[in-house]
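Next up, model_25.cif (mmCIF, N, CA and C atoms):
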```
data_model
#
loop_
_atom_site.label_atom_id
_atom_site.label_comp_id
_atom_site.auth_asym_id
_atom_site.auth_seq_id
_atom_site.Cartn_x
_atom_site.Cartn_y
_atom_site.Cartn_z
N MET R 848 -10.07 19.66 1.34
CA MET R 848 -10.15 18.21 1.22
C MET R 848 -8.76 17.64 0.97
N MET R 849 -8.39 16.63 1.74
CA MET R 849 -7.08 16.02 1.59
C MET R 849 -7.03 15.16 0.32
N LYS R 850 -5.94 15.27 -0.40
CA LYS R 850 -5.74 14.45 -1.60
C LYS R 850 -5.41 13.03 -1.17
N ARG R 851 -5.88 12.06 -1.95
CA ARG R 851 -5.69 10.65 -1.60
C ARG R 851 -5.12 9.88 -2.79
N ILE R 852 -4.31 8.86 -2.48
CA ILE R 852 -3.75 7.99 -3.49
C ILE R 852 -3.59 6.59 -2.90
N VAL R 853 -3.73 5.57 -3.73
CA VAL R 853 -3.50 4.18 -3.32
C VAL R 853 -2.36 3.65 -4.18
N ILE R 854 -1.38 3.04 -3.51
CA ILE R 854 -0.20 2.53 -4.21
C ILE R 854 -0.07 1.03 -3.91
N MET R 855 -0.08 0.25 -4.97
CA MET R 855 0.12 -1.20 -4.85
C MET R 855 1.61 -1.49 -4.98
N GLY R 856 2.09 -2.51 -4.31
CA GLY R 856 3.50 -2.87 -4.37
C GLY R 856 4.38 -1.85 -3.67
N ALA R 857 3.90 -1.37 -2.54
CA ALA R 857 4.58 -0.26 -1.85
C ALA R 857 5.57 -0.72 -0.78
N SER R 858 5.99 -1.98 -0.82
CA SER R 858 6.92 -2.44 0.22
C SER R 858 8.38 -2.28 -0.18
N SER R 859 8.64 -1.89 -1.43
CA SER R 859 10.04 -1.69 -1.84
C SER R 859 10.09 -0.89 -3.14
N GLY R 860 11.29 -0.48 -3.47
CA GLY R 860 11.55 0.15 -4.76
C GLY R 860 10.74 1.40 -5.03
N ILE R 861 10.29 1.50 -6.27
CA ILE R 861 9.55 2.68 -6.73
C ILE R 861 8.26 2.88 -5.94
N GLY R 862 7.56 1.79 -5.63
CA GLY R 862 6.31 1.90 -4.89
C GLY R 862 6.50 2.51 -3.51
N LEU R 863 7.52 2.04 -2.80
CA LEU R 863 7.80 2.55 -1.46
C LEU R 863 8.22 4.02 -1.52
N ARG R 864 9.12 4.33 -2.43
CA ARG R 864 9.59 5.72 -2.53
C ARG R 864 8.46 6.66 -2.94
N THR R 865 7.60 6.20 -3.85
CA THR R 865 6.46 7.02 -4.28
C THR R 865 5.54 7.30 -3.10
N ALA R 866 5.28 6.28 -2.29
CA ALA R 866 4.43 6.45 -1.10
C ALA R 866 5.05 7.47 -0.14
N GLU R 867 6.36 7.37 0.07
CA GLU R 867 7.04 8.32 0.95
C GLU R 867 6.91 9.76 0.43
N ILE R 868 7.12 9.94 -0.86
CA ILE R 868 7.05 11.28 -1.44
C ILE R 868 5.65 11.87 -1.30
N PHE R 869 4.62 11.07 -1.60
CA PHE R 869 3.26 11.58 -1.47
C PHE R 869 2.93 11.92 -0.02
N ALA R 870 3.34 11.07 0.91
CA ALA R 870 3.08 11.35 2.33
C ALA R 870 3.82 12.62 2.77
N LEU R 871 5.04 12.78 2.32
CA LEU R 871 5.82 13.98 2.68
C LEU R 871 5.18 15.26 2.16
N THR R 872 4.47 15.15 1.05
CA THR R 872 3.85 16.34 0.46
C THR R 872 2.39 16.52 0.88
N GLY R 873 1.98 15.79 1.93
CA GLY R 873 0.68 16.04 2.53
C GLY R 873 -0.48 15.19 2.06
N TRP R 874 -0.24 14.22 1.20
CA TRP R 874 -1.32 13.36 0.73
C TRP R 874 -1.66 12.30 1.77
N HIS R 875 -2.89 11.80 1.74
CA HIS R 875 -3.30 10.63 2.52
C HIS R 875 -3.02 9.44 1.60
N VAL R 876 -2.19 8.50 2.06
CA VAL R 876 -1.69 7.43 1.20
C VAL R 876 -2.15 6.07 1.70
N GLY R 877 -2.80 5.33 0.82
CA GLY R 877 -3.13 3.94 1.09
C GLY R 877 -2.10 3.08 0.38
N VAL R 878 -1.48 2.16 1.11
CA VAL R 878 -0.46 1.31 0.51
C VAL R 878 -0.81 -0.16 0.72
N ALA R 879 -0.39 -0.98 -0.21
CA ALA R 879 -0.64 -2.42 -0.11
C ALA R 879 0.52 -3.18 -0.73
N ALA R 880 0.81 -4.34 -0.14
CA ALA R 880 1.86 -5.22 -0.64
C ALA R 880 1.78 -6.54 0.12
N ARG R 881 2.62 -7.50 -0.28
CA ARG R 881 2.66 -8.79 0.41
C ARG R 881 3.48 -8.73 1.68
N ASN R 882 4.49 -7.88 1.73
CA ASN R 882 5.42 -7.82 2.85
C ASN R 882 4.99 -6.73 3.84
N GLU R 883 4.59 -7.14 5.03
CA GLU R 883 4.04 -6.19 5.99
C GLU R 883 5.07 -5.26 6.63
N GLY R 884 6.28 -5.73 6.82
CA GLY R 884 7.29 -4.94 7.54
C GLY R 884 7.47 -3.53 7.02
N PRO R 885 7.75 -3.35 5.73
CA PRO R 885 7.93 -1.99 5.20
C PRO R 885 6.65 -1.15 5.26
N LEU R 886 5.50 -1.80 5.13
CA LEU R 886 4.24 -1.05 5.21
C LEU R 886 4.04 -0.53 6.63
N ARG R 887 4.34 -1.37 7.61
CA ARG R 887 4.21 -0.96 9.01
C ARG R 887 5.18 0.18 9.33
N ALA R 888 6.41 0.09 8.81
CA ALA R 888 7.41 1.14 9.03
C ALA R 888 6.94 2.46 8.42
N LEU R 889 6.32 2.39 7.24
CA LEU R 889 5.80 3.59 6.59
C LEU R 889 4.69 4.21 7.42
N LYS R 890 3.82 3.37 7.97
CA LYS R 890 2.74 3.84 8.85
C LYS R 890 3.31 4.50 10.10
N GLU R 891 4.40 3.94 10.63
CA GLU R 891 5.03 4.53 11.82
C GLU R 891 5.66 5.88 11.52
N MET R 892 6.20 6.05 10.31
CA MET R 892 6.80 7.33 9.93
C MET R 892 5.74 8.40 9.68
N PHE R 893 4.58 7.98 9.16
CA PHE R 893 3.50 8.91 8.82
C PHE R 893 2.18 8.38 9.39
N PRO R 894 2.04 8.39 10.72
CA PRO R 894 0.89 7.73 11.36
C PRO R 894 -0.48 8.29 10.98
N THR R 895 -0.56 9.57 10.66
CA THR R 895 -1.88 10.13 10.34
C THR R 895 -2.15 10.14 8.84
N GLN R 896 -1.15 9.85 8.04
CA GLN R 896 -1.33 9.96 6.60
C GLN R 896 -1.31 8.63 5.85
N VAL R 897 -0.84 7.57 6.48
CA VAL R 897 -0.71 6.29 5.79
C VAL R 897 -1.61 5.24 6.41
N GLU R 898 -2.31 4.52 5.56
CA GLU R 898 -3.07 3.33 5.94
C GLU R 898 -2.54 2.20 5.07
N TYR R 899 -2.43 1.00 5.65
CA TYR R 899 -1.91 -0.10 4.84
C TYR R 899 -2.73 -1.37 4.98
N GLU R 900 -2.57 -2.23 3.99
CA GLU R 900 -3.22 -3.54 3.99
C GLU R 900 -2.26 -4.52 3.33
N VAL R 901 -2.09 -5.68 3.96
CA VAL R 901 -1.26 -6.73 3.39
C VAL R 901 -2.13 -7.56 2.46
N ILE R 902 -1.77 -7.59 1.19
CA ILE R 902 -2.53 -8.38 0.21
C ILE R 902 -1.57 -9.06 -0.75
N ASP R 903 -2.06 -10.12 -1.37
CA ASP R 903 -1.29 -10.82 -2.39
C ASP R 903 -2.21 -11.05 -3.57
N VAL R 904 -2.04 -10.26 -4.61
CA VAL R 904 -2.92 -10.36 -5.77
C VAL R 904 -2.76 -11.68 -6.50
N ALA R 905 -1.62 -12.32 -6.35
CA ALA R 905 -1.40 -13.61 -7.01
C ALA R 905 -2.38 -14.65 -6.48
N ILE R 906 -2.69 -14.61 -5.18
CA ILE R 906 -3.66 -15.54 -4.61
C ILE R 906 -5.03 -15.31 -5.22
N TYR R 907 -5.44 -14.06 -5.37
CA TYR R 907 -6.72 -13.73 -5.99
C TYR R 907 -6.76 -14.26 -7.42
N GLN R 908 -5.67 -14.08 -8.16
CA GLN R 908 -5.63 -14.54 -9.55
C GLN R 908 -5.76 -16.05 -9.63
N LYS R 909 -5.11 -16.80 -8.73
CA LYS R 909 -5.22 -18.26 -8.71
C LYS R 909 -6.65 -18.69 -8.43
N LEU R 910 -7.31 -18.03 -7.48
CA LEU R 910 -8.70 -18.36 -7.17
C LEU R 910 -9.61 -18.09 -8.37
N LEU R 911 -9.36 -16.98 -9.04
CA LEU R 911 -10.16 -16.62 -10.21
C LEU R 911 -9.96 -17.62 -11.34
N ILE R 912 -8.72 -17.97 -11.63
CA ILE R 912 -8.40 -18.91 -12.70
C ILE R 912 -9.01 -20.27 -12.43
N ASN R 913 -9.02 -20.71 -11.19
CA ASN R 913 -9.53 -22.03 -10.84
C ASN R 913 -11.04 -22.04 -10.58
N GLY R 914 -11.70 -20.92 -10.80
CA GLY R 914 -13.14 -20.86 -10.72
C GLY R 914 -13.72 -20.77 -9.32
N PHE R 915 -12.91 -20.42 -8.35
CA PHE R 915 -13.42 -20.32 -6.99
C PHE R 915 -14.11 -18.99 -6.72
N ILE R 916 -13.86 -18.00 -7.55
CA ILE R 916 -14.55 -16.71 -7.42
C ILE R 916 -14.95 -16.20 -8.78
#
```
Give the structure from the file, written as structure tokens.
Amino acid sequence: MMKRIVIMGASSGIGLRTAEIFALTGWHVGVAARNEGPLRALKEMFPTQVEYEVIDVAIYQKLLINGFI
């Protein structure tokens, strides 16, 4: 069974490097961030091991605070 991990904020810095390391060591990596470019590049480097989604948790928090969800 393949090991799996999800990393939030994976478009730069520690999040991006952590995703790269896990993918290099054979993990299936789910990544998410607001900036799609680095996520797409990561998927291109590891096409069978990386899945990504562009999300912005700040939008969810605003909706929650204002009572929309």
If we count only N, CA and C atoms and set the cut-off at 8 Å, which residues sit around region 904-908 of chain R, ignoring sequence neighbours fewer than 4 positions away in its own chain? Please answer as a VMD selection string.
chain R and resid 880 to 881 912 to 914
Expanded to explicit residues, what is the PyMOL selection byres ((chain R and resi 866) around 8) for this file, as a list in words?
Val853, Ile854, Ala857, Gly860, Ile861, Gly862, Leu863, Arg864, Thr865, Glu867, Ile868, Phe869, Ala870, Leu871, Thr872, Val876, Gly877, Val878 and Leu889 of chain R
Give, as lines of an AutoDock Vina configuration file, the centre coordinates and the x, y and z edge lengths in Å to one decimal for an axis-aligned box around all listed atoms of region 854-869 of chain R, padded by 5 Å on each side.
```
center_x = 5.1
center_y = 4.5
center_z = -2.9
size_x = 22.9
size_y = 24.8
size_z = 17.7
```
When you draw a straight line from CA of Pro885 (chain R) to CA of Met848 (chain R), how long is it in Å?
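Between these atoms lies a distance of 27.4 Å.
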For Leu886 (chain R): contacts at 6.5 Å, all atoms listed in the file, fewer than 4 positions along chain excluded, given as number ranges by chain:
R: 857-858, 882, 890-891, 899
All alpha helix (DSSP H) residues (DSSP, backbone) inside chain R, as a PyMOL selection string:
chain R and resi 860-871+883-892+904-912
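Taking region 856-896 of chain R and asking which residues DSSP calls strand (DSSP E or B) on the backbone, you get His875, Val876, Gly877, Val878, Ala879 and Ala880 of chain R.
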Restricted to N, CA and C atoms, what would the selected residues look like written as a PDB file, in the frame of the given file?
```
ATOM      1  N   HIS R 875      -2.890  11.800   1.740  1.00  0.00           N
ATOM      2  CA  HIS R 875      -3.300  10.630   2.520  1.00  0.00           C
ATOM      3  C   HIS R 875      -3.020   9.440   1.600  1.00  0.00           C
ATOM      4  N   VAL R 876      -2.190   8.500   2.060  1.00  0.00           N
ATOM      5  CA  VAL R 876      -1.690   7.430   1.200  1.00  0.00           C
ATOM      6  C   VAL R 876      -2.150   6.070   1.700  1.00  0.00           C
ATOM      7  N   GLY R 877      -2.800   5.330   0.820  1.00  0.00           N
ATOM      8  CA  GLY R 877      -3.130   3.940   1.090  1.00  0.00           C
ATOM      9  C   GLY R 877      -2.100   3.080   0.380  1.00  0.00           C
ATOM     10  N   VAL R 878      -1.480   2.160   1.110  1.00  0.00           N
ATOM     11  CA  VAL R 878      -0.460   1.310   0.510  1.00  0.00           C
ATOM     12  C   VAL R 878      -0.810  -0.160   0.720  1.00  0.00           C
ATOM     13  N   ALA R 879      -0.390  -0.980  -0.210  1.00  0.00           N
ATOM     14  CA  ALA R 879      -0.640  -2.420  -0.110  1.00  0.00           C
ATOM     15  C   ALA R 879       0.520  -3.180  -0.730  1.00  0.00           C
ATOM     16  N   ALA R 880       0.810  -4.340  -0.140  1.00  0.00           N
ATOM     17  CA  ALA R 880       1.860  -5.220  -0.640  1.00  0.00           C
ATOM     18  C   ALA R 880       1.780  -6.540   0.120  1.00  0.00           C
TER      19      ALA R 880
END
```
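With distances restricted to only N, CA and C atoms, R:Trp874 is the closest residue to Thr895 (chain R) from R:Lys909, R:Arg851, R:Glu883, R:Trp874.
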Let me make sure I understand: among R:His875, R:Asp903, R:Arg887, R:Leu911, which one has the smallest atom-to-atom distance to Lys850 (chain R) if we use all atoms listed in the file?
R:His875
